[in-house]
Structures are given as structure tokens and as C-alpha cells.
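Here is my_file18.txt, consisting of compact mmCIF, C-alpha atoms:
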# COMPACT_ATOMS: atom_id res chain seq x y z
CA MET Y 24 89.88 73.32 102.54
CA LEU Y 25 86.91 72.14 104.59
CA ARG Y 26 87.07 75.30 106.63
CA LEU Y 27 86.98 77.42 103.47
CA ALA Y 28 83.94 75.53 102.16
CA ALA Y 29 82.17 76.06 105.49
CA VAL Y 30 82.90 79.78 105.40
CA VAL Y 31 81.62 80.09 101.81
CA THR Y 32 78.45 78.15 102.68
CA ALA Y 33 77.83 80.29 105.75
CA ALA Y 34 78.41 83.45 103.72
CA LEU Y 35 75.86 82.31 101.15
CA VAL Y 36 73.29 81.41 103.82
CA PHE Y 37 73.63 84.76 105.58
CA ALA Y 38 73.98 86.78 102.41
CA ALA Y 39 70.48 85.93 101.20
CA PRO Y 40 68.57 87.78 103.97
CA ALA Y 41 71.11 90.59 103.78
CA ALA Y 42 70.29 90.96 100.08
CA ALA Y 43 66.67 91.74 100.96
CA CYS Y 44 65.63 95.28 100.08
CA THR Y 45 66.64 97.81 102.72
CA HIS Y 46 65.50 100.82 100.69
CA PRO Y 47 62.20 99.98 98.97
CA ARG Y 48 61.83 101.70 95.61
CA THR Y 49 58.06 102.04 95.78
CA SER Y 50 55.25 101.53 98.26
CA LEU Y 51 52.21 99.33 98.55
CA ASN Y 52 50.07 102.42 99.23
CA TYR Y 53 51.13 104.00 95.94
CA LEU Y 54 50.62 100.88 93.85
CA GLN Y 55 47.25 100.09 95.43
CA GLY Y 56 45.98 103.25 93.78
CA GLN Y 57 47.53 102.37 90.42
CA VAL Y 58 46.38 98.76 90.09
CA MET Y 59 42.84 97.51 89.57
CA CYS Y 60 41.16 94.59 91.26
CA PRO Y 61 40.26 92.43 88.23
CA THR Y 62 37.08 90.98 89.70
CA CYS Y 63 35.56 94.11 91.28
CA HIS Y 64 36.76 96.79 88.81
CA THR Y 65 37.93 99.21 91.51
CA THR Y 66 41.46 100.06 92.51
CA LEU Y 67 43.11 97.69 94.98
CA ASP Y 68 42.88 100.20 97.85
CA MET Y 69 39.08 100.09 97.54
CA SER Y 70 38.77 96.33 97.41
CA ASP Y 71 39.13 93.53 99.89
CA SER Y 72 38.21 90.69 97.54
CA GLN Y 73 40.27 87.51 97.39
CA ALA Y 74 41.68 88.42 93.98
CA ALA Y 75 42.68 91.85 95.32
CA GLN Y 76 44.30 90.29 98.39
CA GLN Y 77 46.31 87.99 96.13
CA ILE Y 78 47.63 90.91 94.06
CA LYS Y 79 48.41 92.96 97.18
CA GLY Y 80 50.44 90.00 98.47
CA PHE Y 81 52.30 89.79 95.15
CA ILE Y 82 53.07 93.51 95.21
CA ALA Y 83 54.28 93.37 98.83
CA LYS Y 84 56.64 90.51 97.95
CA LYS Y 85 58.06 92.35 94.96
CA ILE Y 86 58.52 95.57 96.98
CA ALA Y 87 60.42 93.52 99.56
CA ALA Y 88 62.59 92.25 96.69
CA CYS Y 89 63.37 95.88 95.74
CA TRP Y 90 61.38 95.94 92.50
CA THR Y 91 60.41 99.34 91.12
CA ALA Y 92 56.79 100.36 90.55
CA LYS Y 93 57.36 100.06 86.81
CA GLN Y 94 58.73 96.53 87.11
CA ILE Y 95 55.80 95.44 89.25
CA GLU Y 96 53.28 97.03 86.90
CA SER Y 97 54.94 95.35 83.90
CA ALA Y 98 54.75 91.95 85.60
CA LEU Y 99 51.07 92.49 86.38
CA VAL Y 100 50.32 93.61 82.82
CA ALA Y 101 52.07 90.49 81.48
CA ASN Y 102 49.85 88.35 83.67
CA TYR Y 103 46.49 90.17 83.57
CA GLY Y 104 46.69 92.41 80.52
CA GLN Y 105 46.71 96.20 80.24
CA GLN Y 106 43.36 96.56 81.99
CA ILE Y 107 44.98 95.71 85.33
CA LEU Y 108 46.32 99.29 85.42
CA ALA Y 109 44.04 102.06 86.64
CA THR Y 110 45.37 104.50 84.05
CA PRO Y 111 45.74 103.88 80.33
CA SER Y 112 49.20 103.63 78.77
CA HIS Y 113 50.88 106.63 77.13
CA LYS Y 114 51.00 105.16 73.63
CA GLY Y 115 48.82 104.28 70.68
CA PHE Y 116 45.05 104.53 70.94
CA ASP Y 117 45.30 104.91 74.75
CA LEU Y 118 46.77 108.38 74.19
CA LEU Y 119 43.25 109.55 73.34
CA ALA Y 120 42.23 108.97 76.95
CA TRP Y 121 44.90 111.47 78.03
CA TRP Y 122 44.48 114.09 75.32
CA LEU Y 123 40.70 114.15 74.87
CA PRO Y 124 39.93 115.59 78.33
CA ILE Y 125 42.61 118.25 77.86
CA ALA Y 126 41.26 119.08 74.39
CA GLY Y 127 37.73 119.21 75.87
CA VAL Y 128 38.77 121.61 78.63
CA LEU Y 129 40.65 123.81 76.14
CA ALA Y 130 37.70 123.85 73.74
CA GLY Y 131 35.36 124.72 76.62
CA ALA Y 132 37.66 127.54 77.75
CA LEU Y 133 37.82 128.89 74.18
CA VAL Y 134 34.03 128.83 73.82
CA LEU Y 135 33.65 130.53 77.19
CA ALA Y 136 36.25 133.19 76.36
CA PHE Y 137 34.61 133.87 73.00
CA GLY Y 138 31.19 134.13 74.64
CA VAL Y 139 32.44 136.57 77.28
CA TRP Y 140 34.20 138.66 74.64
CA ARG Y 141 31.05 138.89 72.50
CA TRP Y 142 28.86 139.65 75.51
CA SER Y 143 31.15 142.48 76.66
CA ARG Y 144 31.30 143.96 73.12
CA ARG Y 145 27.50 143.88 72.76
CA LYS Y 146 27.02 145.59 76.09
CA GLU Y 147 29.36 148.52 75.37
CA PRO Y 148 27.43 150.32 72.56
CA GLU Y 149 24.18 149.92 74.43
CA GLU Y 150 25.47 152.12 77.23
CA PRO Y 151 23.62 155.49 77.03
CA ASP Y 152 25.90 158.43 76.16
CA ASP Y 153 24.30 160.55 78.81
CA PRO Y 154 23.44 158.51 81.87
CA ALA Y 155 21.19 161.30 83.15
CA GLY Y 156 19.36 161.57 79.78
CA SER Y 157 15.69 160.80 79.23
CA GLY Y 158 16.33 158.00 76.74
CA LEU Y 159 14.13 159.73 74.10
CA ASP Y 160 15.36 160.61 70.64
CA GLU Y 161 15.57 164.22 69.48
CA GLU Y 162 12.19 164.21 67.72
CA ASP Y 163 10.33 162.82 70.74
CA GLU Y 164 12.12 165.24 73.04
CA ARG Y 165 11.11 168.19 70.87
CA ARG Y 166 7.47 167.01 70.89
CA LEU Y 167 7.54 166.54 74.65
CA ASP Y 168 8.93 170.05 75.08
CA ASP Y 169 6.11 171.41 72.90
CA VAL Y 170 3.47 169.60 74.93
CA LEU Y 171 4.95 170.78 78.20
CA ALA Y 172 5.23 174.35 76.88
CA ARG Y 173 1.45 174.38 76.32
CA PHE Y 174 0.84 173.74 80.00
CA GLU Y 175 3.17 176.49 81.19
CA MET R 4 28.46 135.02 61.11
CA THR R 5 26.86 134.67 64.54
CA ARG R 6 24.06 132.52 63.12
CA ARG R 7 26.58 130.27 61.39
CA LEU R 8 28.57 129.93 64.60
CA LYS R 9 25.44 129.09 66.57
CA LEU R 10 24.42 126.51 63.98
CA GLY R 11 27.89 124.98 64.06
CA ALA R 12 27.87 124.77 67.85
CA GLN R 13 24.43 123.17 67.80
CA LEU R 14 25.58 120.61 65.23
CA VAL R 15 28.65 119.76 67.32
CA ALA R 16 26.46 119.36 70.43
CA LEU R 17 24.06 117.14 68.50
CA ALA R 18 26.93 115.04 67.18
CA CYS R 19 28.25 114.59 70.74
CA VAL R 20 24.85 113.45 72.03
CA ALA R 21 24.41 111.11 69.04
CA GLY R 22 27.88 109.66 69.68
CA LEU R 23 27.12 109.03 73.34
CA LEU R 24 23.81 107.39 72.41
CA ALA R 25 25.57 105.18 69.87
CA LEU R 26 28.08 104.13 72.56
CA LEU R 27 25.24 103.26 74.92
CA VAL R 28 23.46 101.18 72.29
CA TRP R 29 26.73 99.45 71.35
CA SER R 30 27.48 98.53 74.98
CA VAL R 31 23.93 97.19 75.51
CA VAL R 32 24.06 95.13 72.30
CA HIS R 33 27.53 93.75 73.07
CA GLN R 34 26.84 92.86 76.70
CA GLN R 35 28.26 89.44 77.53
CA HIS R 36 25.73 86.77 78.35
CA ALA R 37 26.33 83.18 79.35
CA PRO R 38 25.79 80.90 76.35
CA SER R 39 22.49 79.11 76.81
CA VAL R 40 22.00 75.36 76.74
CA GLY R 41 21.89 74.19 73.11
CA SER R 42 23.91 77.12 71.75
CA VAL R 43 27.44 76.80 70.40
CA ALA R 44 30.05 77.59 73.05
CA PRO R 45 32.14 80.70 72.24
CA ALA R 46 35.38 79.82 70.47
CA PHE R 47 38.65 80.74 72.14
CA THR R 48 42.38 80.21 72.09
CA LEU R 49 44.29 80.49 75.35
CA ARG R 50 47.86 79.91 76.40
CA ARG R 51 48.72 76.89 78.49
CA LEU R 52 49.21 77.62 82.17
CA GLU R 53 52.08 75.17 82.31
CA GLY R 54 54.45 74.99 79.42
CA PRO R 55 54.52 76.83 76.15
CA GLY R 56 51.90 76.94 73.44
CA LYS R 57 48.25 77.74 73.06
CA VAL R 58 45.15 75.63 72.99
CA SER R 59 41.98 76.37 71.07
CA LEU R 60 38.58 74.98 71.91
CA ALA R 61 38.02 74.19 68.22
CA SER R 62 40.81 71.60 68.35
CA TYR R 63 38.56 69.46 70.58
CA ARG R 64 35.60 69.47 68.18
CA GLY R 65 34.26 65.92 67.96
CA LYS R 66 34.93 65.24 71.64
CA PRO R 67 32.77 66.01 74.68
CA VAL R 68 34.43 68.77 76.72
CA VAL R 69 34.13 69.71 80.37
CA LEU R 70 35.16 73.34 80.74
CA ASN R 71 35.88 74.29 84.34
CA PHE R 72 36.54 77.94 85.29
CA TRP R 73 38.54 78.41 88.47
CA ALA R 74 41.11 80.56 90.29
CA SER R 75 43.68 79.81 92.97
CA TRP R 76 42.22 82.50 95.27
CA CYS R 77 38.79 80.85 95.15
CA ASP R 78 38.07 78.75 98.22
CA PRO R 79 35.32 76.50 96.79
CA CYS R 80 37.69 75.68 93.90
CA LYS R 81 39.99 73.95 96.39
CA SER R 82 37.37 71.45 97.50
CA GLU R 83 36.16 71.01 93.93
CA ALA R 84 39.64 70.19 92.60
CA ALA R 85 39.66 66.64 93.97
CA VAL R 86 36.23 65.93 92.47
CA LEU R 87 37.34 67.19 89.07
CA GLN R 88 40.53 65.12 89.12
CA ARG R 89 38.59 62.00 90.13
CA ASP R 90 35.99 62.55 87.38
CA TRP R 91 38.69 63.28 84.81
CA SER R 92 40.38 59.99 85.71
CA SER R 93 37.15 58.06 85.28
CA TYR R 94 35.82 59.79 82.13
CA ARG R 95 38.99 60.25 80.07
CA SER R 96 38.84 56.63 78.88
CA ARG R 97 35.45 57.47 77.32
CA GLY R 98 37.00 60.27 75.30
CA VAL R 99 35.81 63.13 77.51
CA VAL R 100 38.20 66.11 77.59
CA PHE R 101 38.56 68.18 80.74
CA LEU R 102 39.90 71.73 80.38
CA GLY R 103 40.59 74.03 83.30
CA VAL R 104 40.45 77.78 82.66
CA ASP R 105 42.21 79.78 85.33
CA TYR R 106 41.01 83.37 85.33
CA HIS R 107 42.07 86.66 86.92
CA ASP R 108 44.89 84.84 88.65
CA LEU R 109 48.63 85.01 89.08
CA ASP R 110 50.28 82.29 87.01
CA SER R 111 52.69 81.41 89.82
CA ASP R 112 49.87 80.92 92.34
CA ALA R 113 47.81 78.99 89.81
CA ARG R 114 50.69 76.61 89.09
CA ARG R 115 51.14 76.04 92.81
CA PHE R 116 47.42 75.26 93.06
CA VAL R 117 47.60 72.74 90.21
CA SER R 118 50.61 71.07 91.77
CA ALA R 119 49.15 71.05 95.30
CA HIS R 120 45.94 69.39 94.10
CA ALA R 121 47.75 67.06 91.69
CA LEU R 122 45.55 68.09 88.76
CA THR R 123 46.62 66.38 85.55
CA PHE R 124 44.12 67.63 82.95
CA PRO R 125 45.13 70.56 80.69
CA MET R 126 45.06 73.99 82.29
CA LEU R 127 44.71 77.27 80.38
CA ALA R 128 45.37 80.79 81.61
CA ASP R 129 42.90 83.63 81.10
CA GLY R 130 44.57 86.33 83.16
CA SER R 131 42.71 89.18 81.47
CA GLY R 132 39.36 87.37 81.87
CA ASN R 133 38.39 88.15 78.26
CA VAL R 134 37.39 84.56 77.45
CA THR R 135 35.76 84.04 80.81
CA SER R 136 33.56 87.09 80.37
CA ARG R 137 32.32 85.68 77.04
CA TYR R 138 31.06 82.70 79.03
CA GLY R 139 29.19 85.03 81.38
CA ILE R 140 31.17 83.86 84.38
CA SER R 141 30.37 86.01 87.40
CA GLN R 142 32.02 83.94 90.08
CA VAL R 143 34.16 80.84 90.13
CA PRO R 144 33.94 77.92 90.05
CA GLU R 145 31.58 77.37 87.15
CA THR R 146 31.51 74.45 84.75
CA TYR R 147 30.20 73.97 81.23
CA VAL R 148 29.65 70.59 79.62
CA LEU R 149 29.87 70.69 75.81
CA ASN R 150 28.84 67.92 73.41
CA ARG R 151 30.82 66.69 70.41
CA GLN R 152 29.43 69.51 68.26
CA GLY R 153 30.64 72.12 70.72
CA ARG R 154 27.13 72.92 71.96
CA VAL R 155 26.38 73.60 75.61
CA VAL R 156 24.73 70.65 77.34
CA ALA R 157 24.87 72.05 80.87
CA HIS R 158 26.09 75.08 82.77
CA LEU R 159 26.70 74.48 86.46
CA ARG R 160 27.13 77.67 88.49
CA GLY R 161 28.98 76.67 91.63
CA PRO R 162 31.33 73.94 92.83
CA LEU R 163 30.71 70.38 91.68
CA THR R 164 30.85 69.43 95.34
CA ASP R 165 27.35 70.91 95.74
CA PRO R 166 24.97 68.04 96.54
CA GLY R 167 22.64 68.83 93.64
CA PHE R 168 25.36 69.08 91.05
CA ALA R 169 26.87 65.57 91.20
CA GLY R 170 23.87 63.95 89.50
CA GLU R 171 23.39 66.82 87.07
CA PHE R 172 27.06 66.71 86.09
CA ARG R 173 26.99 62.98 85.40
CA SER R 174 23.81 63.15 83.35
CA ALA R 175 25.23 66.10 81.38
CA ILE R 176 28.35 64.11 80.56
CA ALA R 177 26.22 61.13 79.56
CA LYS R 178 24.27 63.42 77.19
CA ALA R 179 27.47 64.95 75.82
CA VAL R 180 29.01 61.53 75.13
CA ASP R 181 25.91 60.27 73.21
Show me this structure written as C-alpha cells.
Amino acid sequence: MLRLAAVVTAALVFAAPAAACTHPRTSLNYLQGQVMCPTCHTTLDMSDSQAAQQIKGFIAKKIAACWTAKQIESALVANYGQQILATPSHKGFDLLAWWLPIAGVLAGALVLAFGVWRWSRRKEPEEPDDPAGSGLDEEDERRLDDVLARFE
Amino acid sequence: MTRRLKLGAQLVALACVAGLLALLVWSVVHQQHAPSVGSVAPAFTLRRLEGPGKVSLASYRGKPVVLNFWASWCDPCKSEAAVLQRDWSSYRSRGVVFLGVDYHDLDSDARRFVSAHALTFPMLADGSGNVTSRYGISQVPETYVLNRQGRVVAHLRGPLTDPGFAGEFRSAIAKAVD
């Protein structure tokens, strides 16, 4: 009985380190670009402040415990609020931050396309029918011929 | 048709510029400044760092309040903690309330800090820093002393361990108690 208890205890003691994450599900490098430093308002990878160091330590611990990026981000949001994330969420009012730039680019492309189309249409009729022509209308040409005929 | 389109485009451009200007004006007007001495301290409600529930500043109206902003990652806060605990022990009998506001901090680290420094006055968590920014806090630790009417008597920027602050802190509390 005592031997069994000893074996169970030993198994528990050695099982804990073995349970540590062998295949991390995210990386510190990735999350450093996704999480803001709350005191310096830059992403963690651009900050070396004490608050940033603290969060980097937290992330490293959670990665070692096999947490996913989403789990770590959720824990940080619960602690610091949504503004701890470098990108806005994909719901509610925050959606505007994602869709407005796309809408802006599309609107710009449409305006540009319309402008180019109009410009090309305006240019076409202005092309002279006869590239070698004098550019004078019939009346002027007739007068010019008359004047020139007088000098012949 | 072309003229109408041009006019429409110009109106849209004008509206965009006007919108951006309005945003600029709004951000300038709503910039957070530290409440000045004599003004009413901004109201807030924050969750307790340890245990459930929330605490609002208004619930302490009628009592002098020492509001200390700190974080576990802040080195000067460590040396200041003992001074705060000592002062809290000596002033609490005179009805002075001490409130710690932990900002931009991990709750777990903050709780460890409180336990390591044996701090016994109420601690509130401001992880997002929203309340702290309304007090114009740029770096911790900073301390406000409020009188019974909730007006600012003193704002001490830096740790209370600073040689100049000990006297100022005591005289501020004396004013707040009167």
C-alpha cells in the first residue's frame, strides 16, 4: 500500500513538468505585434517599458502553458480592456475600422476609373480626321487658296 | 451632369475636411487634464482588486480621501508602499480613507504586490487606465488628497518617499481633515 502511494506521488511530481507545452500554439514574436504596451501606446515589440516587460513575461508564461493566441488575447482584454489589442475587434462599431478603409479605396478606385473613362472619351473626338490636314475649316481653306492663287 | 458631379464631389470633399476639423476640435476640447487644487475630483467607480464588487469615490463623500495611483511594475511604488501603509495605520483613526488605484497592471501581479507589502487599505483595479487618465496621471506613483467635499487639496507627483513630499503630504491631510 505504501509502495503504491509512493509511486502515485512520484508520478504526480514528474507528471507536472511533463505536462508543460511541448508544441507551443503561438509565439511571443507574433503576439508582440498584436498587443499594445498600455503606457507607451506602441506595440509590445516596439517597447521596452516596465509595463511592456510585464506583459511580455505574462505572454511567455501562457505560451509555455500551451495557451493559444486567442486565449492569451482574451485574458489580456479581460484585464486591460479592448484597447490592449493593436487591431480593433470584428464586431459592432469596431467593424467600421475594418470596412471604412476598404470602402475608401473602392470609392477612390471608382472615381479614378470614372475620371480616366471621361478623359479618354473627351480626347477621342478631338483627334483630327486627317492628321496631315491644315486644321482650317473649308471656308478658311477656300480663302487661303484664293489668296495664294493671286500670287501665282 | 458634369457640373452636378463636380459640385457633388466638392461637397463630399468639404464634408470630409469639416469632419476631420470637428474631430480635431473635439480631441483638443476633451483632452484629459489633472484636476487642479480646489476643483472637484472626477467621479469614478472601479472594481476591487481583491474580492468581488465595485467601489465608487462618491461613497466616501464626507470623509477625507488619499488616492494613490500605483502599479506593480513601478519601482518607486515599492519603496512608497511601506510609507503608505504606515500613514494609513496612523490616519485611519481620524477618519481618513486611503484608496489605492492600480493601473495598467496585471491583476495577479498587483495582488502579489499587495500581499508582499502587506497593504491593508482598499485597492481598486483600473486595468484600462480610463479613470487614471481622467486624473491626468502620466507616471506612477502619484497621490491626490481630497477633502470631505471631494475637492482636491493636494496633488503629489512622485513617491511619498521624496524628501519634500512628507511635509506636504501631512499638511494636505491636516487641511483635508479640517
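Of note, atom CA of R:Gly41 and atom CA of R:Arg154 are spaced 5.5 Å apart.
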TODO: Between Y:Phe81, Y:Trp121, Y:Ala132, Y:Gln76, single out the one closest to Y:Cys60, counting all atoms listed in the file.
DONE: Y:Gln76
Which residues of chain R come within 8 Å of chain Y, and what is each one's closest atom pair and distance in Å (one decimal), counting all atoms listed in the file, sorted by chain and residue number, as a tab-separated table?
residue	atom	partner	partner_atom	distance
R:Trp76	CA	Y:Gln73	CA	5.8
R:Cys77	CA	Y:Gln73	CA	7.2
R:His107	CA	Y:Pro61	CA	6.2
R:Asp108	CA	Y:Ala74	CA	7.2
R:Leu109	CA	Y:Asn102	CA	6.5
R:Asp110	CA	Y:Asn102	CA	6.9
R:Asp129	CA	Y:Tyr103	CA	7.9
R:Gly130	CA	Y:Tyr103	CA	4.3
R:Ser131	CA	Y:Tyr103	CA	4.4
R:Gly132	CA	Y:Tyr103	CA	7.8
Task: Point-to-point distance from atom CA of R:Pro45 to atom CA of R:Asp165, Å rounded to tenths - done: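 Computing the Euclidean distance for atom CA of R:Pro45 and atom CA of R:Asp165 yields 25.9 Å.
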Could you give me, as a PDB file with C-alpha atoms, keeping the file's coordinate frame, the residues within 8 Å of Y:Thr110, counting only C-alpha atoms and dropping anything in the same chain fewer than 2 positions from it?
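What ended up in result_23.pdb:
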ATOM      1  CA  GLN Y  57      47.530 102.370  90.420  1.00  0.00           C
ATOM      2  CA  LEU Y 108      46.320  99.290  85.420  1.00  0.00           C
ATOM      3  CA  SER Y 112      49.200 103.630  78.770  1.00  0.00           C
TER       4      SER Y 112
END
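Between atom CA of R:Arg114 and atom CA of R:Arg50 lies a distance of 13.4 Å.
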- [ ] Could you tell me which of R:Leu26, R:Val104, R:Val68, R:Val15 comes closest to R:Ala177 if we count all atoms listed in the file?
- [x]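 Nearest to R:Ala177: R:Val68.
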Should you be able to, write stretch 45-84 of chain Y of this structure into a file that contains N, CA and C atoms, as a compact mmCIF listing (two decimals), in the first residue's frame.
# COMPACT_ATOMS: atom_id res chain seq x y z
N THR Y 45 4.87 21.11 -25.12
CA THR Y 45 5.98 20.70 -25.98
C THR Y 45 5.81 21.28 -27.38
N HIS Y 46 4.56 21.57 -27.74
CA HIS Y 46 4.29 22.17 -29.06
C HIS Y 46 3.52 23.47 -28.87
N PRO Y 47 4.23 24.57 -28.66
CA PRO Y 47 3.54 25.86 -28.43
C PRO Y 47 2.56 26.17 -29.55
N ARG Y 48 1.44 26.77 -29.17
CA ARG Y 48 0.38 27.02 -30.16
C ARG Y 48 0.43 28.44 -30.71
N THR Y 49 1.35 29.23 -30.20
CA THR Y 49 1.56 30.57 -30.75
C THR Y 49 2.98 31.00 -30.37
N SER Y 50 3.36 32.20 -30.77
CA SER Y 50 4.73 32.62 -30.43
C SER Y 50 4.72 34.02 -29.84
N LEU Y 51 5.76 34.28 -29.08
CA LEU Y 51 5.89 35.60 -28.45
C LEU Y 51 6.07 36.66 -29.54
N ASN Y 52 6.83 36.31 -30.58
CA ASN Y 52 7.06 37.27 -31.67
C ASN Y 52 5.75 37.71 -32.31
N TYR Y 53 4.87 36.74 -32.55
CA TYR Y 53 3.58 37.06 -33.17
C TYR Y 53 2.76 37.96 -32.26
N LEU Y 54 2.64 37.57 -30.99
CA LEU Y 54 1.77 38.32 -30.08
C LEU Y 54 2.33 39.70 -29.74
N GLN Y 55 3.64 39.83 -29.80
CA GLN Y 55 4.23 41.16 -29.53
C GLN Y 55 3.77 42.20 -30.55
N GLY Y 56 3.41 41.72 -31.73
CA GLY Y 56 2.92 42.64 -32.75
C GLY Y 56 1.42 42.86 -32.67
N GLN Y 57 0.75 42.04 -31.86
CA GLN Y 57 -0.72 42.13 -31.76
C GLN Y 57 -1.18 42.85 -30.49
N VAL Y 58 -0.26 42.99 -29.55
CA VAL Y 58 -0.64 43.54 -28.24
C VAL Y 58 0.06 44.88 -28.02
N MET Y 59 -0.68 45.82 -27.45
CA MET Y 59 -0.14 47.16 -27.22
C MET Y 59 0.50 47.26 -25.83
N CYS Y 60 1.47 48.13 -25.75
CA CYS Y 60 2.00 48.49 -24.43
C CYS Y 60 1.06 49.59 -23.91
N PRO Y 61 0.41 49.37 -22.75
CA PRO Y 61 -0.61 50.33 -22.32
C PRO Y 61 -0.07 51.70 -21.93
N THR Y 62 1.18 51.77 -21.53
CA THR Y 62 1.70 53.07 -21.09
C THR Y 62 2.37 53.85 -22.23
N CYS Y 63 2.85 53.16 -23.26
CA CYS Y 63 3.57 53.89 -24.32
C CYS Y 63 2.81 53.93 -25.65
N HIS Y 64 1.69 53.22 -25.73
CA HIS Y 64 0.81 53.25 -26.91
C HIS Y 64 1.52 52.84 -28.20
N THR Y 65 2.44 51.90 -28.08
CA THR Y 65 3.03 51.24 -29.26
C THR Y 65 2.83 49.74 -29.05
N THR Y 66 3.10 48.96 -30.09
CA THR Y 66 3.00 47.52 -29.87
C THR Y 66 4.16 47.06 -28.97
N LEU Y 67 3.99 45.89 -28.37
CA LEU Y 67 4.98 45.42 -27.41
C LEU Y 67 6.38 45.30 -28.03
N ASP Y 68 6.43 44.89 -29.32
CA ASP Y 68 7.75 44.69 -29.94
C ASP Y 68 8.52 46.01 -30.10
N MET Y 69 7.81 47.13 -29.94
CA MET Y 69 8.49 48.43 -30.08
C MET Y 69 8.72 49.08 -28.72
N SER Y 70 8.43 48.37 -27.67
CA SER Y 70 8.54 48.99 -26.34
C SER Y 70 9.36 48.14 -25.39
N ASP Y 71 10.08 48.83 -24.55
CA ASP Y 71 10.88 48.14 -23.54
C ASP Y 71 10.52 48.65 -22.14
N SER Y 72 9.34 49.29 -22.05
CA SER Y 72 8.94 49.85 -20.76
C SER Y 72 8.65 48.74 -19.75
N GLN Y 73 8.53 49.13 -18.49
CA GLN Y 73 8.30 48.12 -17.45
C GLN Y 73 6.95 47.44 -17.64
N ALA Y 74 5.95 48.24 -18.03
CA ALA Y 74 4.61 47.65 -18.25
C ALA Y 74 4.66 46.64 -19.40
N ALA Y 75 5.43 46.99 -20.45
CA ALA Y 75 5.55 46.10 -21.60
C ALA Y 75 6.28 44.82 -21.21
N GLN Y 76 7.33 44.98 -20.41
CA GLN Y 76 8.09 43.80 -19.95
C GLN Y 76 7.20 42.85 -19.16
N GLN Y 77 6.33 43.46 -18.35
CA GLN Y 77 5.43 42.64 -17.52
C GLN Y 77 4.50 41.81 -18.42
N ILE Y 78 3.95 42.46 -19.46
CA ILE Y 78 3.01 41.75 -20.33
C ILE Y 78 3.75 40.69 -21.15
N LYS Y 79 4.96 41.02 -21.59
CA LYS Y 79 5.75 40.02 -22.34
C LYS Y 79 5.99 38.78 -21.47
N GLY Y 80 6.29 39.01 -20.19
CA GLY Y 80 6.50 37.90 -19.26
C GLY Y 80 5.25 37.05 -19.12
N PHE Y 81 4.10 37.74 -19.03
CA PHE Y 81 2.81 37.05 -18.91
C PHE Y 81 2.56 36.18 -20.14
N ILE Y 82 2.81 36.79 -21.31
CA ILE Y 82 2.57 36.05 -22.57
C ILE Y 82 3.49 34.83 -22.66
N ALA Y 83 4.76 35.02 -22.29
CA ALA Y 83 5.72 33.91 -22.36
C ALA Y 83 5.26 32.75 -21.47
N LYS Y 84 4.76 33.12 -20.28
CA LYS Y 84 4.29 32.07 -19.35
C LYS Y 84 3.12 31.31 -19.94
